Structure formats: structure tokens, C-alpha cells
>>> print(open('structure.cif').read())   # mmCIF, C-alpha atoms and all ligand atoms
data_target
#
loop_
_atom_site.label_atom_id
_atom_site.label_comp_id
_atom_site.auth_asym_id
_atom_site.auth_seq_id
_atom_site.Cartn_x
_atom_site.Cartn_y
_atom_site.Cartn_z
CA MET E 1 0.00 0.00 0.00
CA ARG E 2 1.36 3.38 -0.93
CA MET E 3 1.49 5.93 1.87
CA THR E 4 0.66 9.58 1.26
CA ILE E 5 3.46 11.78 2.48
CA VAL E 6 1.97 14.64 4.43
CA THR E 7 4.40 17.51 4.59
CA SER E 8 4.70 19.86 7.54
CA ALA E 9 2.77 23.10 7.76
CA ALA E 10 6.15 24.87 7.75
CA LEU E 11 7.15 23.27 4.46
CA GLN E 12 3.76 24.01 2.96
CA ARG E 13 4.30 27.68 3.64
CA ILE E 14 7.24 27.87 1.23
CA GLY E 15 7.93 27.19 -2.43
CA THR E 16 10.97 25.77 -4.17
CA SER E 17 13.73 28.37 -4.62
CA ALA E 18 12.94 30.10 -7.92
CA THR E 19 16.60 30.53 -8.90
CA ILE E 20 17.16 26.85 -8.40
CA ALA E 21 13.89 25.74 -10.01
CA MET E 22 14.64 27.71 -13.18
CA THR E 23 18.21 26.48 -13.38
CA GLN E 24 17.05 22.90 -12.83
CA LYS E 25 14.51 23.25 -15.63
CA ALA E 26 17.19 24.62 -17.96
CA ARG E 27 19.60 21.81 -17.01
CA GLU E 28 16.96 19.20 -17.82
CA MET E 29 16.33 20.80 -21.21
CA LYS E 30 20.07 20.78 -21.87
CA ALA E 31 20.29 17.13 -20.87
CA ARG E 32 17.59 16.41 -23.50
CA GLY E 33 19.91 17.97 -26.06
CA GLU E 34 18.28 21.42 -26.27
CA ASP E 35 20.54 24.40 -26.87
CA VAL E 36 19.72 26.39 -23.73
CA ILE E 37 21.72 29.37 -22.44
CA VAL E 38 21.52 29.37 -18.66
CA LEU E 39 21.54 32.90 -17.25
CA SER E 40 19.38 31.98 -14.25
CA ALA E 41 22.00 30.71 -11.83
CA GLY E 42 23.97 33.34 -10.01
CA GLN E 43 27.42 31.87 -10.09
CA PRO E 44 30.74 32.86 -11.64
CA ASP E 45 31.54 30.83 -14.74
CA PHE E 46 35.25 30.91 -13.80
CA ASP E 47 37.00 27.92 -12.25
CA THR E 48 38.10 28.14 -8.63
CA PRO E 49 41.68 29.52 -8.68
CA MET E 50 44.30 26.73 -8.87
CA HIS E 51 46.03 27.47 -5.54
CA ILE E 52 42.68 27.02 -3.76
CA ARG E 53 42.04 23.69 -5.45
CA GLU E 54 45.55 22.60 -4.56
CA ALA E 55 44.97 23.48 -0.90
CA ALA E 56 41.94 21.17 -0.92
CA PHE E 57 43.98 18.38 -2.47
CA GLU E 58 46.73 18.82 0.11
CA ALA E 59 44.15 18.76 2.90
CA MET E 60 42.84 15.44 1.62
CA GLN E 61 46.38 14.07 1.40
CA ARG E 62 47.06 15.14 4.99
CA GLY E 63 43.95 13.22 6.03
CA GLU E 64 41.79 16.21 6.93
CA THR E 65 38.78 14.06 6.21
CA ARG E 66 37.06 13.63 9.55
CA TYR E 67 34.31 15.60 11.30
CA PRO E 68 35.47 19.17 11.69
CA PRO E 69 34.51 21.29 14.73
CA ILE E 70 30.90 22.47 14.43
CA ALA E 71 31.60 26.20 14.12
CA GLY E 72 34.53 25.70 11.75
CA ILE E 73 38.17 24.62 11.77
CA PRO E 74 40.31 26.99 13.86
CA ASP E 75 42.46 27.96 10.85
CA LEU E 76 39.42 29.12 8.94
CA ARG E 77 37.89 30.98 11.88
CA ARG E 78 41.21 32.79 12.35
CA ALA E 79 41.32 33.58 8.62
CA ILE E 80 37.79 35.02 8.93
CA VAL E 81 38.82 37.17 11.90
CA ASP E 82 41.74 38.47 9.78
CA LYS E 83 39.53 39.04 6.75
CA PHE E 84 37.03 41.10 8.74
CA ARG E 85 39.86 43.16 10.23
CA ARG E 86 41.79 43.61 6.97
CA GLU E 87 38.93 44.33 4.59
CA ASN E 88 36.17 45.71 6.79
CA SER E 89 37.94 47.18 9.85
CA LEU E 90 35.79 44.91 12.05
CA ASP E 91 37.25 43.39 15.19
CA TYR E 92 35.33 40.13 15.58
CA THR E 93 36.96 37.64 17.96
CA PHE E 94 37.40 33.96 17.16
CA GLU E 95 34.29 33.05 19.22
CA GLU E 96 32.25 35.61 17.31
CA THR E 97 32.68 33.75 14.00
CA ILE E 98 30.95 30.72 12.52
CA VAL E 99 31.44 28.68 9.35
CA CYS E 100 28.37 27.18 7.69
CA THR E 101 27.47 25.16 4.61
CA GLY E 102 27.05 28.15 2.31
CA GLY E 103 25.74 31.61 3.06
CA LYS E 104 22.26 30.16 2.92
CA GLN E 105 22.92 28.15 6.06
CA VAL E 106 24.21 31.22 7.89
CA ILE E 107 20.86 32.88 7.21
CA ALA E 108 18.80 29.78 7.95
CA ASN E 109 20.65 29.13 11.22
CA ALA E 110 20.19 32.71 12.39
CA LEU E 111 16.48 32.84 11.56
CA LEU E 112 15.65 29.36 12.86
CA ALA E 113 17.55 30.07 16.06
CA THR E 114 15.76 33.34 16.83
CA LEU E 115 12.31 33.63 15.24
CA ASN E 116 8.93 32.77 16.70
CA PRO E 117 5.48 32.86 15.09
CA GLY E 118 4.26 36.42 14.94
CA ASP E 119 7.72 37.94 14.61
CA GLU E 120 8.32 40.22 11.64
CA VAL E 121 11.28 40.31 9.28
CA VAL E 122 11.85 43.41 7.19
CA ILE E 123 13.11 42.61 3.70
CA PRO E 124 13.74 45.27 1.04
CA VAL E 125 12.47 44.06 -2.35
CA PRO E 126 13.42 43.27 -5.01
CA GLY E 127 15.54 41.02 -2.79
CA TRP E 128 17.03 37.58 -2.97
CA VAL E 129 14.44 34.82 -3.29
CA SER E 130 15.23 32.86 -0.12
CA TYR E 131 15.02 35.58 2.55
CA ALA E 132 11.23 35.79 2.68
CA GLN E 133 10.79 32.07 2.23
CA LEU E 134 13.09 31.23 5.12
CA ALA E 135 11.30 33.74 7.34
CA GLU E 136 7.98 32.11 6.40
CA PHE E 137 9.40 28.68 7.14
CA CYS E 138 10.14 29.90 10.67
CA GLY E 139 6.53 31.04 11.06
CA ALA E 140 7.52 34.70 10.96
CA LYS E 141 5.95 37.35 8.75
CA PRO E 142 8.10 38.81 5.97
CA VAL E 143 7.47 42.54 5.69
CA LEU E 144 8.44 43.38 2.12
CA VAL E 145 9.50 46.98 1.61
CA GLU E 146 9.44 47.93 -2.03
CA THR E 147 12.44 49.87 -3.32
CA LYS E 148 12.06 51.83 -6.53
CA LEU E 149 14.06 52.53 -9.62
CA ASP E 150 14.05 56.28 -8.85
CA THR E 151 16.06 55.63 -5.67
CA GLU E 152 18.26 53.13 -7.55
CA TYR E 153 16.37 50.31 -5.81
CA LYS E 154 17.81 51.38 -2.46
CA LEU E 155 15.99 51.26 0.86
CA THR E 156 15.38 54.77 2.16
CA PRO E 157 15.53 55.67 5.88
CA GLU E 158 11.86 56.76 5.74
CA ALA E 159 10.69 53.46 4.24
CA LEU E 160 12.76 51.51 6.77
CA ASP E 161 11.36 53.51 9.66
CA MET E 162 7.78 52.97 8.50
CA SER E 163 8.26 49.22 8.13
CA ILE E 164 9.45 48.63 11.69
CA THR E 165 6.95 47.66 14.42
CA ALA E 166 7.28 46.33 17.95
CA ALA E 167 7.21 42.82 16.41
CA THR E 168 10.19 43.38 14.10
CA ARG E 169 13.05 41.01 14.93
CA TRP E 170 15.30 41.29 11.87
CA LEU E 171 16.18 43.48 8.95
CA ILE E 172 17.74 41.40 6.17
CA PHE E 173 19.92 43.68 4.12
CA ASN E 174 21.86 42.72 1.00
CA ASN E 175 24.65 44.95 -0.29
CA PRO E 176 25.57 44.78 -3.19
CA CYS E 177 22.05 43.65 -3.94
CA ASN E 178 20.95 40.53 -5.76
CA PRO E 179 19.04 41.07 -8.11
CA THR E 180 19.19 44.86 -8.62
CA GLY E 181 22.94 45.47 -8.33
CA ALA E 182 22.34 48.40 -5.95
CA VAL E 183 25.38 49.34 -3.83
CA TYR E 184 24.94 51.58 -0.77
CA THR E 185 27.35 54.38 0.01
CA ARG E 186 28.74 54.87 3.49
CA SER E 187 26.48 57.86 4.09
CA GLU E 188 23.40 55.94 2.93
CA LEU E 189 24.26 53.15 5.38
CA SER E 190 24.81 55.69 8.09
CA ALA E 191 21.33 57.20 7.52
CA LEU E 192 19.77 53.72 7.74
CA ALA E 193 21.84 53.01 10.86
CA ASP E 194 20.38 56.14 12.48
CA VAL E 195 16.92 54.65 12.06
CA LEU E 196 18.04 51.29 13.43
CA THR E 197 19.58 52.97 16.45
CA ARG E 198 16.11 54.19 17.37
CA HIS E 199 14.68 50.65 17.24
CA PRO E 200 16.80 48.54 19.60
CA GLN E 201 14.59 45.44 19.20
CA VAL E 202 15.72 44.95 15.58
CA MET E 203 18.63 42.68 14.69
CA ILE E 204 20.40 43.20 11.39
CA LEU E 205 21.49 40.46 9.05
CA THR E 206 23.74 42.00 6.45
CA ASP E 207 24.39 39.73 3.49
CA ASP E 208 27.69 40.96 2.07
CA MET E 209 28.21 38.02 -0.29
CA TYR E 210 28.85 40.29 -3.31
CA GLU E 211 31.23 42.60 -1.43
CA HIS E 212 34.00 42.31 -4.01
CA ILE E 213 31.84 42.52 -7.10
CA ARG E 214 31.45 46.27 -7.60
CA TYR E 215 31.97 48.57 -10.57
CA ASP E 216 32.87 52.12 -11.50
CA GLY E 217 35.25 52.26 -8.51
CA ILE E 218 32.35 52.34 -6.04
CA GLU E 219 33.37 51.63 -2.41
CA PHE E 220 31.98 48.96 -0.11
CA ALA E 221 30.96 49.43 3.51
CA THR E 222 29.04 47.31 5.98
CA PHE E 223 26.78 48.31 8.89
CA VAL E 224 29.01 47.63 11.89
CA GLU E 225 31.91 49.44 10.25
CA VAL E 226 29.74 52.51 9.72
CA GLU E 227 27.90 52.35 13.06
CA PRO E 228 29.87 50.29 15.63
CA SER E 229 27.05 50.57 18.19
CA LEU E 230 25.06 48.09 16.04
CA ARG E 231 27.71 45.42 16.61
CA GLU E 232 25.79 43.68 19.41
CA ARG E 233 22.77 43.04 17.19
CA THR E 234 24.26 42.55 13.73
CA LEU E 235 25.17 39.36 11.94
CA THR E 236 27.69 40.20 9.24
CA MET E 237 27.36 37.45 6.65
CA ASN E 238 29.76 36.67 3.85
CA GLY E 239 31.24 33.69 2.01
CA VAL E 240 33.75 32.54 -0.55
CA SER E 241 31.24 31.53 -3.25
CA LYS E 242 31.09 34.70 -5.31
CA SER E 243 34.41 36.33 -4.39
CA TYR E 244 36.53 33.28 -5.26
CA ALA E 245 34.33 31.32 -7.70
CA MET E 246 33.62 28.66 -5.08
CA THR E 247 29.84 28.18 -5.27
CA GLY E 248 30.07 24.40 -5.23
CA TRP E 249 32.32 24.24 -2.15
CA ARG E 250 29.48 25.54 0.05
CA ILE E 251 31.33 27.73 2.53
CA GLY E 252 29.61 30.74 4.06
CA TYR E 253 30.49 32.48 7.30
CA GLY E 254 29.28 35.03 9.75
CA GLY E 255 30.54 37.39 12.40
CA GLY E 256 28.20 38.38 15.20
CA PRO E 257 27.52 38.65 18.91
CA ARG E 258 28.70 35.64 20.86
CA ALA E 259 25.25 34.58 22.09
CA LEU E 260 23.83 34.57 18.56
CA ILE E 261 26.80 32.63 17.20
CA ALA E 262 26.44 30.12 20.06
CA ALA E 263 22.73 29.68 19.25
CA MET E 264 23.54 29.09 15.58
CA GLU E 265 26.24 26.60 16.54
CA LYS E 266 23.82 24.72 18.82
CA LEU E 267 21.38 24.35 15.95
CA GLN E 268 24.15 23.25 13.62
CA THR E 269 25.09 20.41 16.01
CA GLN E 270 21.68 18.94 15.23
CA LEU E 271 21.43 19.78 11.54
CA THR E 272 24.60 19.46 9.48
CA SER E 273 27.53 19.51 11.95
CA GLY E 274 30.62 21.31 10.66
CA ALA E 275 30.87 22.28 6.99
CA CYS E 276 32.91 19.99 4.68
CA SER E 277 36.46 19.82 6.08
CA ILE E 278 38.15 19.85 2.69
CA ALA E 279 36.16 22.86 1.52
CA GLN E 280 37.08 24.66 4.74
CA TRP E 281 40.79 24.18 4.02
CA ALA E 282 40.19 25.48 0.51
CA ALA E 283 38.48 28.54 2.03
CA VAL E 284 41.52 29.17 4.26
CA SER E 285 43.63 29.34 1.12
CA ALA E 286 41.08 31.63 -0.56
CA LEU E 287 41.08 34.14 2.29
CA GLU E 288 44.80 34.01 3.01
CA GLY E 289 46.36 33.29 -0.38
CA PRO E 290 46.91 35.55 -3.40
CA GLN E 291 43.94 37.83 -4.05
CA ASP E 292 44.53 38.46 -7.78
CA TYR E 293 41.38 36.60 -8.81
CA ILE E 294 39.18 39.26 -7.20
CA GLY E 295 40.49 42.10 -9.37
CA GLU E 296 40.65 39.98 -12.50
CA SER E 297 37.11 38.68 -12.20
CA ARG E 298 35.78 42.12 -11.31
CA ALA E 299 37.25 43.55 -14.52
CA ALA E 300 35.73 40.71 -16.54
CA PHE E 301 32.32 41.16 -14.89
CA GLU E 302 32.41 44.90 -15.48
CA ALA E 303 33.06 44.42 -19.21
CA ARG E 304 30.17 41.93 -19.35
CA ARG E 305 27.90 44.26 -17.43
CA ASN E 306 28.57 46.99 -19.98
CA LEU E 307 27.87 44.56 -22.79
CA VAL E 308 24.63 43.15 -21.39
CA VAL E 309 23.20 46.49 -20.25
CA GLY E 310 23.99 48.07 -23.62
CA ARG E 311 22.38 45.21 -25.49
CA LEU E 312 19.25 44.97 -23.31
CA ARG E 313 18.71 48.73 -23.45
CA SER E 314 18.70 48.65 -27.22
CA ILE E 315 15.71 46.27 -27.18
CA ASP E 316 12.43 48.08 -27.69
CA GLY E 317 10.11 47.28 -24.75
CA LEU E 318 12.80 46.67 -22.13
CA GLU E 319 14.13 49.19 -19.65
CA CYS E 320 17.46 48.32 -18.08
CA PRO E 321 19.14 50.34 -15.33
CA THR E 322 22.90 50.04 -14.84
CA PRO E 323 23.80 47.80 -11.88
CA LYS E 324 26.68 49.00 -9.70
CA GLY E 325 27.50 45.63 -8.21
CA ALA E 326 26.82 41.86 -8.16
CA PHE E 327 26.52 40.21 -11.57
CA TYR E 328 22.88 40.62 -12.51
CA ALA E 329 20.95 42.89 -14.84
CA TYR E 330 17.35 43.47 -13.80
CA PRO E 331 15.43 44.87 -16.77
CA SER E 332 11.78 45.82 -16.56
CA CYS E 333 9.45 44.09 -19.00
CA ALA E 334 6.39 46.13 -17.95
CA ALA E 335 5.84 47.36 -21.51
CA LEU E 336 5.49 43.79 -22.78
CA ILE E 337 2.73 42.67 -20.41
CA GLY E 338 -0.45 41.87 -22.33
CA ARG E 339 1.34 40.81 -25.52
CA LYS E 340 1.02 37.40 -27.13
CA ALA E 341 4.02 35.05 -27.27
CA PRO E 342 4.77 32.92 -30.37
CA LEU E 343 3.35 29.76 -28.74
CA GLY E 344 0.02 31.56 -28.20
CA LYS E 345 0.30 32.44 -24.52
CA ILE E 346 -0.64 35.96 -23.40
CA ILE E 347 2.12 37.35 -21.19
CA GLU E 348 0.32 38.40 -18.04
CA THR E 349 3.22 38.33 -15.57
CA ASP E 350 6.99 38.40 -15.59
CA GLU E 351 6.89 34.67 -14.84
CA ASP E 352 4.99 34.12 -18.11
CA PHE E 353 7.66 36.20 -19.83
CA ALA E 354 10.50 34.08 -18.38
CA LEU E 355 8.76 30.78 -19.15
CA GLU E 356 7.93 31.75 -22.74
CA LEU E 357 11.45 33.07 -23.24
CA LEU E 358 12.80 29.72 -22.13
CA ALA E 359 10.36 27.69 -24.21
CA THR E 360 10.78 29.74 -27.40
CA ALA E 361 14.21 31.36 -27.27
CA LYS E 362 15.95 28.86 -24.98
CA VAL E 363 17.32 31.46 -22.60
CA ALA E 364 16.87 30.82 -18.85
CA VAL E 365 16.40 33.89 -16.63
CA VAL E 366 14.57 34.33 -13.30
CA HIS E 367 11.30 36.28 -13.15
CA GLY E 368 11.19 39.39 -10.98
CA GLY E 369 8.14 38.22 -9.01
CA ALA E 370 10.38 35.67 -7.28
CA PHE E 371 12.36 38.59 -5.84
CA GLY E 372 9.21 40.18 -4.49
CA ALA E 373 8.63 42.86 -7.14
CA GLY E 374 8.20 43.20 -10.86
CA PRO E 375 7.45 42.94 -13.73
CA ASN E 376 11.15 42.41 -14.33
CA PHE E 377 13.51 39.58 -15.00
CA ARG E 378 16.99 38.83 -13.74
CA VAL E 379 19.79 38.04 -16.16
CA SER E 380 23.01 36.70 -14.66
CA TYR E 381 25.96 37.91 -16.71
CA ALA E 382 28.41 35.62 -14.94
CA ALA E 383 28.64 33.82 -18.28
CA SER E 384 31.00 34.01 -21.26
CA THR E 385 30.86 37.00 -23.59
CA ARG E 386 29.81 34.70 -26.40
CA GLU E 387 26.91 33.27 -24.37
CA ILE E 388 25.81 36.76 -23.34
CA GLU E 389 25.86 37.93 -26.95
CA VAL E 390 23.88 35.00 -28.26
CA ALA E 391 21.44 35.25 -25.33
CA CYS E 392 20.85 38.95 -26.04
CA ASP E 393 20.26 38.18 -29.74
CA ARG E 394 17.68 35.62 -28.71
CA ILE E 395 15.99 37.91 -26.18
CA ASP E 396 15.84 40.64 -28.86
CA GLU E 397 14.28 38.27 -31.36
CA PHE E 398 11.82 36.95 -28.77
CA VAL E 399 10.68 40.44 -27.76
CA ARG E 400 10.21 41.39 -31.44
CA SER E 401 8.07 38.29 -31.94
CA LEU E 402 5.58 39.35 -29.25
CA LYS E 403 2.33 40.60 -30.73
N1 LIG E 501 22.56 33.33 -4.93
C1 LIG E 501 22.50 32.66 -6.19
C2 LIG E 501 21.36 33.16 -7.03
O1 LIG E 501 20.66 34.05 -6.62
C3 LIG E 501 22.53 31.18 -5.99
C4 LIG E 501 21.28 30.38 -6.13
C5 LIG E 501 20.50 30.29 -4.88
O2 LIG E 501 20.97 29.68 -3.92
O3 LIG E 501 19.42 30.88 -4.88
O4 LIG E 501 21.20 32.70 -8.13
#
>>> encode(input="structure.cif", output="C-alpha cells", more="lines below")
Ligand code: GLU
Amino acid sequence: MRMTIVTSAALQRIGTSATIAMTQKAREMKARGEDVIVLSAGQPDFDTPMHIREAAFEAMQRGETRYPPIAGIPDLRRAIVDKFRRENSLDYTFEETIVCTGGKQVIANALLATLNPGDEVVIPVPGWVSYAQLAEFCGAKPVLVETKLDTEYKLTPEALDMSITAATRWLIFNNPCNPTGAVYTRSELSALADVLTRHPQVMILTDDMYEHIRYDGIEFATFVEVEPSLRERTLTMNGVSKSYAMTGWRIGYGGGPRALIAAMEKLQTQLTSGACSIAQWAAVSALEGPQDYIGESRAAFEARRNLVVGRLRSIDGLECPTPKGAFYAYPSCAALIGRKAPLGKIIETDEDFALELLATAKVAVVHGGAFGAGPNFRVSYAASTREIEVACDRIDEFVRSLK
């Protein structure tokens, strides 16, 4: 007799990650032999630098293959302390750091360890797909604060202030922002910090994963650096995935108050234990070894940004602002809503647009609705110049074919 699997109420509250669902769909089409260009996954197309891969190999040869400590191997936690000091002028101690299986686990640990039903989590949108979903999983209420193109998709102090209530537990803040590419200046952060100072019940999770991917010489700053008094209620999150082309190694980390880190560690003892030992040794080499990759990849991404933005802007019906960081373009397709796609479907939402684009033009992107606002779509330009060019040709042709 077949049993019906009844999923938990918590699981029923969330959907599958849209970035992953779209990429999975595109991978399956590719496996069937279809010529799909995948611009849905946000990951550098570069290989992990050789010295990092070698460090992993050496770790395996030394026999670093057993359970690592839950919060991370001491060498990596020390490298994280150094990184925060060197690059962000932050003075986290060893005990104030934690290593997790990807940045996603840093966020999940923090939210699962602190949220109760009825709590509110402020999330500027468009914002990364998993923030709101993870908050919902915890039984909390995501409070989506819409940012607009006329403020470069940046959260304003007024909007932040209005979104906070007595029930607010967290602000999840992503800088540079996935998907909009917004990068906050020091003075913008300082103005937001002033608001947060007036609301001592709010903790801040700052997702700095795209710290090194910035253009036009724009600077990076993070909350605690700008307003040290927020240190006791901020989790500064980062990872090696984007900065060192290490998405598959699954190493994210955080710096935060000791009690929060201890709570996250406690949860991790029950969930995943320590992150992969070999990947942790690779991450030590990433943080402490030569840093040339960062500058080289940034230059490559900047050239691709210029290419993709130029091409998308030239397409009648799309509006594409210039991202200042991360590796995504986020064009608006508002002018195309209501048109008919070649396979007969009327495009009513940005999801329809993305699905028809995939079906007809074989280009995988992620619809803006998944990021909490639209109608837009996200194009990852962490792909080769050739792929970007062909993808833009196809998007152009697809948009022209809409009636
Ligand atoms: N952060 C990446 C993205 O937005 C990775 C995929 C994911 O985990 O959502 O595409």
C-alpha cells in the first residue's frame, strides 16, 4: 500500500527556490539535447583559482577528512577574523565567527535560532528569493519593503522607519544587492543606521556576499563598520562563493555577537555539523592566499555588465538600469505585459515572460516576481561574452516576436 506523504505546515508555507527551479529546468532541457543558455544561476563561470584547489587536495592528502569542529576549523575561523579586520575594519573575535554550509545556512541558522510565530522580518524588495521564504518557514511574517528605480532600488531611511513595528526582529539587508545590483554608500548606510539605532529590538542580518563585485570604482561598507554601536545586534554574513568562484564548495560564514553565534552553533550540532572539512581548508587558502582573482574577475564582470546592459537597453520594450555591483541585470518588461508570445500564450506576468522566453528562445532567466517585485527579469551575466551575446540576440528576437 502506498502511503501519502503529508508535509509539515512549515514546508507548505514555502515554495521551491525560484533561482534553483529555473536552473534545474534549464539543465533538464540541456540534458535532453536542447541548446539552452543558462543565465538563471547566479554563479561565476570561472573555475576556482588553482592554488585554492591545490589546498583542498593537500588537505585530503594530509587526512583532513574527519568531522570538523561544528563552528569551523580553527584555521578558517582565524582567517575570517583576519579578513574582517583587513577588509572591513571589524574586530570580531574567534568566538564571534561561525562557518556554515554556504551563506544560505548562515541565514537559515540565524532565523531558525531566533524567530517565533508572529515575529516580523523586514526585507527590502526586489531582494534575494530565499530571505522571505526562510522567514515564512520559521513562522515569521516577511514585511516586504518595495524599493524603486528612482532611488536606484535602495531602501530609504523613511521606508525603513515605516516598516518597523514592535514585532520586528530582523532586517535582512543585501549589499551589493541581488538582483538589482544596488550598492549603498557609506552615508546611505549611516542614515539607515540612524533609524536602526532608534529601534533597539531589531537585529540586522547584512548579506555581504557580493562585497567584491562592484563597478565604477564604487566603495563597499558594511553596517558595523559605519555604526559600531550596532555590533551587538548585527550578523555580518559573507562567504567565498562569489568572491573566489567557489559556489560548489558551500562555505559561508558570519561574524556576530557571541550569544547569537552560540545559538547558531547549537542548531548546527543537530542539523549538518561542521561544513565539509576539505572545503574549509580550501576557504583558508582563498582568504589568506593571493587575491589576484578578485580584481581579474571584477574587470571581466564589469566588461560583461557593460555589454549586457547596452544590449538589453537597445531592445524596444525593455528598460534596463545600470547595476553598480553583483553580476545581474534586472530589466523591466512592464511594456510587454499583455502581448502574445509565439506559442500563443498571453504574457500576463513576468513569470509568463520568463517561461515563454525559455520555451521559445531557450534562454533561462529568473522572473522578478520571485524577488518580491516586478514585472522584471533577472539576467546573470556571470557567463562568457559569447553566451551573453547570443542570449541577447535571442531575447531581442523573442521580444520582437511578441504581438
Ligand atoms: N545566490 C545565487 C542566485 O541568486 C545562488 C542560487 C540560490 O541559492 O538561490 O542565483
>>> residues_around(input="structure.cif", residues="Glu351 in chain E", least_positions_apart="6", cutoff="12 Å", atoms="only C-alpha atoms", output="list in words")
Ala18, Met22, Cys333, Ala334, Ile337, Lys345, Leu357, Leu358, Ala364, Val365, Val366, His367, Gly368, Gly369, Ala370, Phe371, Gly372, Ala373, Gly374, Pro375, Asn376, Phe377 and Arg378 of chain E
>>> atom_distance(input="structure.cif", atom1="CA of Glu58 in chain E", atom2="CA of Gly274 in chain E")
19.4 Å
>>> closest_residue(input="structure.cif", among="E:Pro124, E:Pro331, E:Gly252, E:Gly63", to="ligand LIG 501 (chain E)", atoms="only C-alpha atoms and all ligand atoms")
E:Gly252
>>> closest_residue(input="structure.cif", among="E:Ala21, E:Met162, E:Ala279, E:Ala31", to="ligand LIG 501 (chain E)", atoms="all atoms listed in the file")
E:Ala21
>>> closest_residue(input="structure.cif", among="E:Val183, E:Ala135, E:Ala167, E:Ala361", to="Glu152 in chain E", atoms="all atoms listed in the file")
E:Val183
>>> residues_around(input="structure.cif", residues="Phe220 in chain E", least_positions_apart="4", cutoff="12 Å", atoms="all atoms listed in the file", output="list in words")
Glu87, Asn88, Ser89, Asn174, Asn175, Pro176, Cys177, Ala182, Val183, Tyr184, Thr185, Arg186, Ser187, Glu188, Leu189, Asp208, Met209, Tyr210, Glu211, His212, Ile213, Arg214, Tyr215, Asp216, Glu225, Val226, Lys324, Gly325 and Ala326 of chain E
>>> atom_distance(input="structure.cif", atom1="CA of Val81 in chain E", atom2="atom O2 of ligand LIG 501 (chain E)")
25.0 Å
>>> closest_residue(input="structure.cif", among="E:Gly317, E:Arg311, E:Asp82, E:Leu90", to="Leu230 in chain E", atoms="only C-alpha atoms")
E:Leu90
>>> residues_near_ligand(input="structure.cif", ligand="ligand LIG 501 (chain E)", cutoff="9 Å", atoms="all atoms listed in the file", output="list in words")
Ser17, Ala18, Thr19, Ile20, Thr23, Ser40, Ala41, Gly42, Gln43, Gly102, Gly103, Lys104, Trp128, Val129, Ser130, Asn178, Pro179, Met209, Lys242, Thr247, Val366 and Ser380 of chain E
>>> atom_distance(input="structure.cif", atom1="CA of Val121 in chain E", atom2="CA of Thr165 in chain E")
10.0 Å
>>> closest_residue(input="structure.cif", among="E:Tyr330, E:Phe57, E:Tyr253, E:Phe94", to="Val308 in chain E", atoms="all atoms listed in the file")
E:Tyr330
>>> closest_residue(input="structure.cif", among="E:Phe327, E:Tyr381, E:Phe353, E:Tyr244", to="Tyr293 in chain E", atoms="all atoms listed in the file")
E:Tyr244
>>> residues_around(input="structure.cif", residues="range 45-55 of chain E", least_positions_apart="3", cutoff="6 Å", atoms="all atoms listed in the file", output="list in words")
Glu58, Ala245, Met246, Ala282, Ser285, Ala286, Ala382 and Ala383 of chain E
>>> residues_around(input="structure.cif", residues="Gly254 in chain E", least_positions_apart="3", cutoff="12 Å", atoms="all atoms listed in the file", output="VMD selection string")
chain E and resid 71 to 72 76 to 77 80 to 81 83 to 84 92 to 110 205 to 209 234 to 240 251 257 to 258 260 to 262 264 to 265
>>> write_last_selection(input="structure.cif", atoms="C-alpha atoms", output="PDB file, keeping the file's coordinate frame")
ATOM      1  CA  ALA E  71      31.600  26.200  14.120  1.00  0.00           C
ATOM      2  CA  GLY E  72      34.530  25.700  11.750  1.00  0.00           C
ATOM      3  CA  LEU E  76      39.420  29.120   8.940  1.00  0.00           C
ATOM      4  CA  ARG E  77      37.890  30.980  11.880  1.00  0.00           C
ATOM      5  CA  ILE E  80      37.790  35.020   8.930  1.00  0.00           C
ATOM      6  CA  VAL E  81      38.820  37.170  11.900  1.00  0.00           C
ATOM      7  CA  LYS E  83      39.530  39.040   6.750  1.00  0.00           C
ATOM      8  CA  PHE E  84      37.030  41.100   8.740  1.00  0.00           C
ATOM      9  CA  TYR E  92      35.330  40.130  15.580  1.00  0.00           C
ATOM     10  CA  THR E  93      36.960  37.640  17.960  1.00  0.00           C
ATOM     11  CA  PHE E  94      37.400  33.960  17.160  1.00  0.00           C
ATOM     12  CA  GLU E  95      34.290  33.050  19.220  1.00  0.00           C
ATOM     13  CA  GLU E  96      32.250  35.610  17.310  1.00  0.00           C
ATOM     14  CA  THR E  97      32.680  33.750  14.000  1.00  0.00           C
ATOM     15  CA  ILE E  98      30.950  30.720  12.520  1.00  0.00           C
ATOM     16  CA  VAL E  99      31.440  28.680   9.350  1.00  0.00           C
ATOM     17  CA  CYS E 100      28.370  27.180   7.690  1.00  0.00           C
ATOM     18  CA  THR E 101      27.470  25.160   4.610  1.00  0.00           C
ATOM     19  CA  GLY E 102      27.050  28.150   2.310  1.00  0.00           C
ATOM     20  CA  GLY E 103      25.740  31.610   3.060  1.00  0.00           C
ATOM     21  CA  LYS E 104      22.260  30.160   2.920  1.00  0.00           C
ATOM     22  CA  GLN E 105      22.920  28.150   6.060  1.00  0.00           C
ATOM     23  CA  VAL E 106      24.210  31.220   7.890  1.00  0.00           C
ATOM     24  CA  ILE E 107      20.860  32.880   7.210  1.00  0.00           C
ATOM     25  CA  ALA E 108      18.800  29.780   7.950  1.00  0.00           C
ATOM     26  CA  ASN E 109      20.650  29.130  11.220  1.00  0.00           C
ATOM     27  CA  ALA E 110      20.190  32.710  12.390  1.00  0.00           C
ATOM     28  CA  LEU E 205      21.490  40.460   9.050  1.00  0.00           C
ATOM     29  CA  THR E 206      23.740  42.000   6.450  1.00  0.00           C
ATOM     30  CA  ASP E 207      24.390  39.730   3.490  1.00  0.00           C
ATOM     31  CA  ASP E 208      27.690  40.960   2.070  1.00  0.00           C
ATOM     32  CA  MET E 209      28.210  38.020  -0.290  1.00  0.00           C
ATOM     33  CA  THR E 234      24.260  42.550  13.730  1.00  0.00           C
ATOM     34  CA  LEU E 235      25.170  39.360  11.940  1.00  0.00           C
ATOM     35  CA  THR E 236      27.690  40.200   9.240  1.00  0.00           C
ATOM     36  CA  MET E 237      27.360  37.450   6.650  1.00  0.00           C
ATOM     37  CA  ASN E 238      29.760  36.670   3.850  1.00  0.00           C
ATOM     38  CA  GLY E 239      31.240  33.690   2.010  1.00  0.00           C
ATOM     39  CA  VAL E 240      33.750  32.540  -0.550  1.00  0.00           C
ATOM     40  CA  ILE E 251      31.330  27.730   2.530  1.00  0.00           C
ATOM     41  CA  PRO E 257      27.520  38.650  18.910  1.00  0.00           C
ATOM     42  CA  ARG E 258      28.700  35.640  20.860  1.00  0.00           C
ATOM     43  CA  LEU E 260      23.830  34.570  18.560  1.00  0.00           C
ATOM     44  CA  ILE E 261      26.800  32.630  17.200  1.00  0.00           C
ATOM     45  CA  ALA E 262      26.440  30.120  20.060  1.00  0.00           C
ATOM     46  CA  MET E 264      23.540  29.090  15.580  1.00  0.00           C
ATOM     47  CA  GLU E 265      26.240  26.600  16.540  1.00  0.00           C
TER      48      GLU E 265
END
>>> residues_near_point(input="structure.cif", point="(16.8, 38.9, -25.0)", cutoff="9 Å", atoms="only C-alpha atoms", output="list of chain:residue names")
E:Arg311, E:Leu312, E:Ile315, E:Leu357, E:Ala361, E:Val363, E:Val390, E:Ala391, E:Cys392, E:Asp393, E:Arg394, E:Ile395, E:Asp396, E:Glu397, E:Phe398, E:Val399
